[in-house]
Each structure stands twice: as structure tokens, then as C-alpha cells.
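**Student:** Can you keep this structure in mind? I'll have questions shortly.
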Amino acid sequence: MSGEEIIKRSADSLKKLRSARYNIYSQEYGSTVTADIIINRMKEYPVFGVAQIKVIGIEMTDAGSSQVSWASDGRRFEFFDNKKNSIVRIDSPNDQKIFRSIYSTALLVPVPYLEKEPYEAVIKNAKSYEILKDTIVNYIPCFAINLNNEFQNDVLGKIKTTATWYIGKKDFLLYGIVFNNTKKFLKITALNLPYPDSIFSISSQQNIEKITGLEPIAEGLLPIGTLAPDWTLPSQGNEITLSKLKGKIVLLDFWGTWCVPCIRSMPEIQSIHEYFKDAPVEVIGVSVEMEKAANPVAFVKKKGYTYTIALDGRKITEAYKVIQFPSVYIIDKSGKIIHAEHNINRSNFKDDIIARINAAMNE
């Protein structure tokens with residue numbers, strides 16, 4: 001049996017599952033999560049596209065450990081907010097509402113058991129398969145297969161990647177994926193059991209905080225009124241120093257060529273730049289790249305964006321407490337922060353930012 005045949009047979013096995021319960025060990029981006037997960041694939045639901053889900057576990061980082069608890073029955077999404085030590089609920093959830101409200105690598109742990117069409121993108125992009133020596137994952141004999149993928153990046157051109165997948169030899173279910181510094185290993189504890197809707201909740205409490213999931217989220221960023229930390233970063237052929245821009249309103253947009261929401265919001269950043277082109281306003285895209293080979297200058301040139309790009313932005317993300325992208329700051333003429341948010345493509349973003357800048361210019 002070829003590697004491609006094994007992967008396709010595994011996709012068929014996942015698609016036929018009515019439900020699955022498993023424990024996962026997930027390690028990526030400096031975060032380690034161990035969690036118990038229940039996924040019900042018996043009906044279609046708007047959240048995540050296909051299934052009801054419940055995740056209960058622990059996330060560990062260099063900063064310590066925190067509880068990972070979230071669930072959705074399709075009609076509502078609940079998660080435990082560690083900072084508030086309370087449960088938050090979003091009614092009529094969708095992906096945008098959820099990701100505006102909670103951001104953690106713990107959201108990535110369910111792996112393809114949650115996909116409506118398992119491995120669809122993987123199979124489409126795979127260029128070759130390499131069968132390795134059989135191995136054992138959590139006492140389960142598994143095929144080990146290298147999937148060599150290839151995709152086109154606007155800046156870097158053709159990129160090749162290799163991920164190792166572990167597929168059970170008897171049931172053809174997925175038991176692990178290793179890719180670069182990412183590791184996910186599963187231990188299946190139950191298959192095809194019926195689960196009532198009530199299971200997909202993390203609390204029966206009535207005094208749960210309800211939010212829309214569409215609020216401009218600035219939690220964790222520097223507070224309003226703070227003097228913006230000074231910095232000097234390279235730009236297109238020169239350097240930019242924030243303190244030298246006093247007397248101007250400054251808009252900082254922390255972004256990266258790897259960040260899909262960032263790329264989606266860049267046309268609005270460009271529109272804001274054009275709106276204030278004759279005003280004492282400086283629009284700066286602070287580039288934070290994950291790969292040394294990335295070329296943000298070439299990216300913005302290709303896209304036709306003309307606002308200033310500051311490079312090596314990773315050097316100042318800690319000072320500005322930026323861990324979610326894109327993140328936006330407005331700094332007034334005296335150098336103080338007057339607005340901060342995690343910009344996830346909210347519908348009135350551009351008009352709101354323009355109004356805030358205009359108000360700051362008139363003060």
C-alpha cells in the first residue's frame with residue numbers, strides 16, 4: 001500500500017466516525033497542552049463547520065500553567081477565562097466571534113477529527129509520500145509517513161515542507177503529526193458513542209458572562225494614556241525612531257507576511273494612509289516575521305502599499321505586549337497611546353480609526 005493510499009484511507013476512516021473521544025499531547029510555539037477532547041460528528045453545526053466539541057485540559061508555557069476549558073454545542077460557545085476566573089459564553093457563535101474573544105494555541109489541538117473533509121487540503125497540496133519504518137504511538141502500531149508538501153507564497157515563492165504523520169495500521173485513524181517544532185500525539189479512548197447536547201458545555205451555572213464576540217479587544221495591550229515605548233527600527237533604506245515623530249499622530253500596525261488576518265486588513269491600513277497623506281499623520285506597518293527568508297518590503301511593493309514599513313518588529317513586540325496579530329496602536333502628538341486593539345477585520349475598523357485620528361489632530 002502506498003503512502004497516498006494510506007492517507008486517503010485514513011481520511012475515509014475519520015469521515016465515517018460518528019464521534020471520538022481522545023487525549024492529546026500537543027506541543028507548539030512554546031506551549032504544551034494536554035487535554036481530553038470529545039468531538040461529535042453526527043450532525044453539522046455552524047461552529048468549526050462540522051461538529052460539537054468539548055476540550056478540558058491544561059496549557060503550560062514558560063509563564064506557568066493555565067486551565068484550558070471550552071465547548072460548543074453549535075448554538076453557543078463557552079470558554080473559561082483564566083484572567084477573569086470565570087466562564088464566558090457567546091450565543092450564535094461563528095469563527096469570527098470566537099477568535100475575536102479567545103486566542104490560544106489550545107484552540108488548535110482537535111486536529112483533523114474536527115474537519116468535515118479530513119485531509120482535503122493536505123492531499124491537494126501533497127507532492128510526494130515517503131513511507132518510513134513502522135512505529136508505536138501510545139501502544140498503537142502505526143504507519144509512519146512523510147508528506148512532502150509544496151505551496152506558493154506571495155513573497156518567498158515556492159515553499160516545500162515535510163510533515164510526519166502516524167496512522168494506525170488496523171483502524172487507519174490518525175495518532176500523531178510532527179512538523180518542525182510542532183508535535184501532536186493522540187490516545188483514543190472511545191469511538192462512536194452517543195453524546196447528548198448537554199455534554200458540550202463546561203458549566204451549568206446561570207451567572208455566566210455573556211459577550212457578543214465582536215467587541216474591540218485590547219486586553220493585554222498597553223493601557224490608554226501610557227507613554228509609548230521609544231524604538232528605532234530599520235525601514236526601507238533608512239531608520240525610523242518613534243520619538244522623532246512627536247508632533248504627529250502615529251498609527252502602528254503590527255503585522256506579518258505569514259498572518260492571514262493581517263494581510264486581509266492591509267488594504268484598510270493603506271486607505272487610512274491615503275486619507276491622511278497631506279496631514280501630520282504617520283502610518284507605520286511594524287513587520288514581525290517568523291522566517292528569516294521573509295521579505296516584507298517585497299511583499300508590500302508587490303501589493304502596491306505605500307505606507308511606511310518598519311522591519312525587525314519582533315524586537316519591540318514585548319515592550320508593546322503584542323502576542324496577537326494584527327494589533328494596532330494610535331499614538332498622539334505627545335507620544336501617548338490613545339487607542340489599542342487586536343484588529344480582526346471588524347466591519348467599521350477603517351472609519352473608526354479615521355475618526356479617532358481626526359479627533360486627536362483637533363485636540
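Chain labels A, B, ... are given in the sequence in which chains occur in the C-alpha cells; within each chain residues are numbered consecutively from 1, and ligands are likewise numbered from 1 in the order shown.
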From a DSSP calculation on the backbone, collect every residue of range 100-268 of chain A in alpha helix (DSSP H) and output the set as a list in words.
**Tutor:**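 Alpha helix (DSSP H) assignments inside range 100-268 of chain A correspond to Arg100, Ser101, Glu120, Ala121, Val122, Ile123, Lys124, Asn125, Val260, Pro261, Cys262, Ile263, Arg264, Ser265, Met266, Pro267 and Glu268 of chain A.
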**Student:** Could you write out that same residue set with C-alpha atoms as a tab-separated table (two decimals), in the first residue's frame?
**Tutor:**
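The result, written out as result30.tsv:
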chain	number	residue	atom	x	y	z
A	100	ARG	CA	-12.01	37.79	18.46
A	101	SER	CA	-12.69	36.65	22.01
A	120	GLU	CA	-8.65	17.69	1.97
A	121	ALA	CA	-6.06	20.48	1.76
A	122	VAL	CA	-3.20	18.18	2.73
A	123	ILE	CA	-3.95	15.70	-0.03
A	124	LYS	CA	-4.44	18.50	-2.55
A	125	ASN	CA	-1.03	20.06	-1.79
A	260	VAL	CA	-3.78	35.92	7.07
A	261	PRO	CA	-5.87	38.41	9.15
A	262	CYS	CA	-3.00	40.92	8.81
A	263	ILE	CA	-3.00	40.61	5.04
A	264	ARG	CA	-6.77	40.99	4.93
A	265	SER	CA	-6.61	44.22	6.93
A	266	MET	CA	-3.76	45.82	4.96
A	267	PRO	CA	-5.99	47.41	2.27
A	268	GLU	CA	-7.75	49.33	5.06
**Student:** Could you list, with a cut-off of 12 Å and counting only C-alpha atoms, the residues of range 189-263 of chain A near range 335-343 of chain A, each shown with its nearest atom pair and the distance in Å rounded to one decimal, rows sorted by chain and ascending number, as a tab-separated table?
**Tutor:**
residue	atom	partner	partner_atom	distance
A:Leu214	CA	A:Asn343	CA	10.6
A:Glu215	CA	A:Glu341	CA	9.8
A:Pro216	CA	A:Glu341	CA	6.1
A:Ile217	CA	A:Glu341	CA	5.5
A:Ala218	CA	A:Glu341	CA	4.3
A:Glu219	CA	A:Glu341	CA	7.9
A:Gly220	CA	A:Glu341	CA	9.4
A:Leu221	CA	A:Ala340	CA	6.8
A:Leu222	CA	A:Ala340	CA	7.4
A:Pro223	CA	A:Ile337	CA	7.4
A:Ile224	CA	A:Ile338	CA	5.2
A:Gly225	CA	A:Ile337	CA	5.3
A:Thr226	CA	A:Ile337	CA	5.5
A:Leu227	CA	A:Lys336	CA	4.3
A:Ala228	CA	A:Lys336	CA	5.5
A:Pro229	CA	A:Gly335	CA	8.7
A:Asp230	CA	A:Gly335	CA	8.9
A:Trp231	CA	A:Gly335	CA	11.9
A:Thr241	CA	A:Gly335	CA	11.9
A:Leu242	CA	A:Gly335	CA	8.3
A:Ser243	CA	A:Gly335	CA	7.3
A:Lys244	CA	A:Gly335	CA	9.8
A:Leu245	CA	A:Gly335	CA	8.3
A:Lys246	CA	A:Gly335	CA	6.1
A:Gly247	CA	A:Gly335	CA	8.2
A:Lys248	CA	A:Gly335	CA	8.7
A:Ile249	CA	A:Gly335	CA	8.3
A:Val250	CA	A:Gly335	CA	8.5
A:Leu251	CA	A:His339	CA	9.4
A:Leu252	CA	A:Ala340	CA	9.4
A:Asp253	CA	A:Asn343	CA	9.0
A:Phe254	CA	A:His342	CA	9.5
A:Trp255	CA	A:Asn343	CA	10.3
A:Val260	CA	A:Asn343	CA	12.0
A:Pro261	CA	A:Asn343	CA	8.3
A:Cys262	CA	A:Asn343	CA	8.3
A:Ile263	CA	A:Asn343	CA	11.4
**Student:** With only C-alpha atoms as the basis for distance, which of A:Asn40, A:Ser13, A:Thr61, A:Thr34 is at the shortest distance from Pro194 in chain A?
**Tutor:** A:Asn40
**Student:** May I have a table of the residues of range 33-128 of chain A lying at most 12 Å from range 154-168 of chain A, giving each one's closest pair of atoms and their distance in Å to one decimal, counting only C-alpha atoms, ordered by chain and ascending residue number, as CSV?
**Tutor:**
residue,atom,partner,partner_atom,distance
A:Val111,CA,A:Trp165,CA,11.8
A:Pro112,CA,A:Trp165,CA,11.7
A:Tyr119,CA,A:Trp165,CA,11.3
A:Val122,CA,A:Ala163,CA,10.2
A:Asn125,CA,A:Lys160,CA,10.2
A:Ala126,CA,A:Thr162,CA,9.4
A:Lys127,CA,A:Lys160,CA,9.3
A:Ser128,CA,A:Thr162,CA,9.6
**Student:** Work out how far apart CA of Met60 in chain A and CA of Ile202 in chain A are and give it in Å to one decimal.
**Tutor:** 20.2 Å
**Student:** Can you pull out every residue within 12 Å of Met1 in chain A, counting only C-alpha atoms, but drop anything in the same chain fewer than 3 positions away, and send it as a PDB file with N, CA and C atoms, in the first residue's frame?
**Tutor:**
ATOM      1  N   GLU A   4       0.163   7.483  -0.266  1.00  0.00           N
ATOM      2  CA  GLU A   4      -1.044   8.206  -0.649  1.00  0.00           C
ATOM      3  C   GLU A   4      -2.293   7.390  -0.339  1.00  0.00           C
ATOM      4  N   GLU A   5      -2.241   6.089  -0.606  1.00  0.00           N
ATOM      5  CA  GLU A   5      -3.384   5.228  -0.321  1.00  0.00           C
ATOM      6  C   GLU A   5      -3.678   5.161   1.171  1.00  0.00           C
ATOM      7  N   ILE A   6      -2.615   5.126   2.003  1.00  0.00           N
ATOM      8  CA  ILE A   6      -2.799   5.085   3.458  1.00  0.00           C
ATOM      9  C   ILE A   6      -3.469   6.361   3.945  1.00  0.00           C
ATOM     10  N   ILE A   7      -3.015   7.505   3.464  1.00  0.00           N
ATOM     11  CA  ILE A   7      -3.589   8.792   3.885  1.00  0.00           C
ATOM     12  C   ILE A   7      -5.048   8.897   3.446  1.00  0.00           C
ATOM     13  N   LYS A   8      -5.360   8.510   2.224  1.00  0.00           N
ATOM     14  CA  LYS A   8      -6.740   8.583   1.739  1.00  0.00           C
ATOM     15  C   LYS A   8      -7.640   7.617   2.496  1.00  0.00           C
ATOM     16  N   ARG A   9      -7.113   6.448   2.828  1.00  0.00           N
ATOM     17  CA  ARG A   9      -7.915   5.502   3.600  1.00  0.00           C
ATOM     18  C   ARG A   9      -8.155   6.029   5.014  1.00  0.00           C
ATOM     19  N   TYR A 129       4.881  11.194  -1.147  1.00  0.00           N
ATOM     20  CA  TYR A 129       4.728  10.494   0.130  1.00  0.00           C
ATOM     21  C   TYR A 129       5.907   9.544   0.297  1.00  0.00           C
ATOM     22  N   GLU A 130       6.429   9.474   1.504  1.00  0.00           N
ATOM     23  CA  GLU A 130       7.550   8.578   1.792  1.00  0.00           C
ATOM     24  C   GLU A 130       7.200   7.721   3.002  1.00  0.00           C
ATOM     25  N   ILE A 131       7.103   6.413   2.802  1.00  0.00           N
ATOM     26  CA  ILE A 131       6.788   5.518   3.904  1.00  0.00           C
ATOM     27  C   ILE A 131       8.046   5.222   4.710  1.00  0.00           C
ATOM     28  N   PHE A 143       1.625   3.175  10.857  1.00  0.00           N
ATOM     29  CA  PHE A 143       2.415   3.567   9.705  1.00  0.00           C
ATOM     30  C   PHE A 143       3.030   4.929  10.017  1.00  0.00           C
ATOM     31  N   ILE A 145       4.590   8.110   7.880  1.00  0.00           N
ATOM     32  CA  ILE A 145       4.642   8.588   6.502  1.00  0.00           C
ATOM     33  C   ILE A 145       5.083  10.047   6.469  1.00  0.00           C
ATOM     34  N   LYS A 169      -2.284   1.100  11.999  1.00  0.00           N
ATOM     35  CA  LYS A 169      -2.218   0.050  10.982  1.00  0.00           C
ATOM     36  C   LYS A 169      -3.513  -0.754  10.893  1.00  0.00           C
TER      37      LYS A 169
END
**Student:** Taking the DSSP assignment computed from this structure's backbone, write out as a PyMOL selection string all residues of range 151-316 of chain A that belong to strand (DSSP E or B).
**Tutor:** chain A and resi 151-153+157-168+174-179+182-191+209-211+217+227+232-234+239-241+249-255+281-287+308-310
**Student:** Any idea what's packed within 12 Å of range 175-182 of chain A, counting only C-alpha atoms, ignoring anything in its chain fewer than 2 positions away? Could you give it as a ChimeraX atom specification?
**Tutor:** /A:10,14,22-33,105,108-113,135-149,161-173,184-189
**Student:** Have a look at A:Leu174, A:Ile331, A:Ala360, A:Ile269 and name the one nearest to Val300 in chain A; count only C-alpha atoms.
**Tutor:**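 For Val300 in chain A, the nearest of the candidates is A:Ile269.
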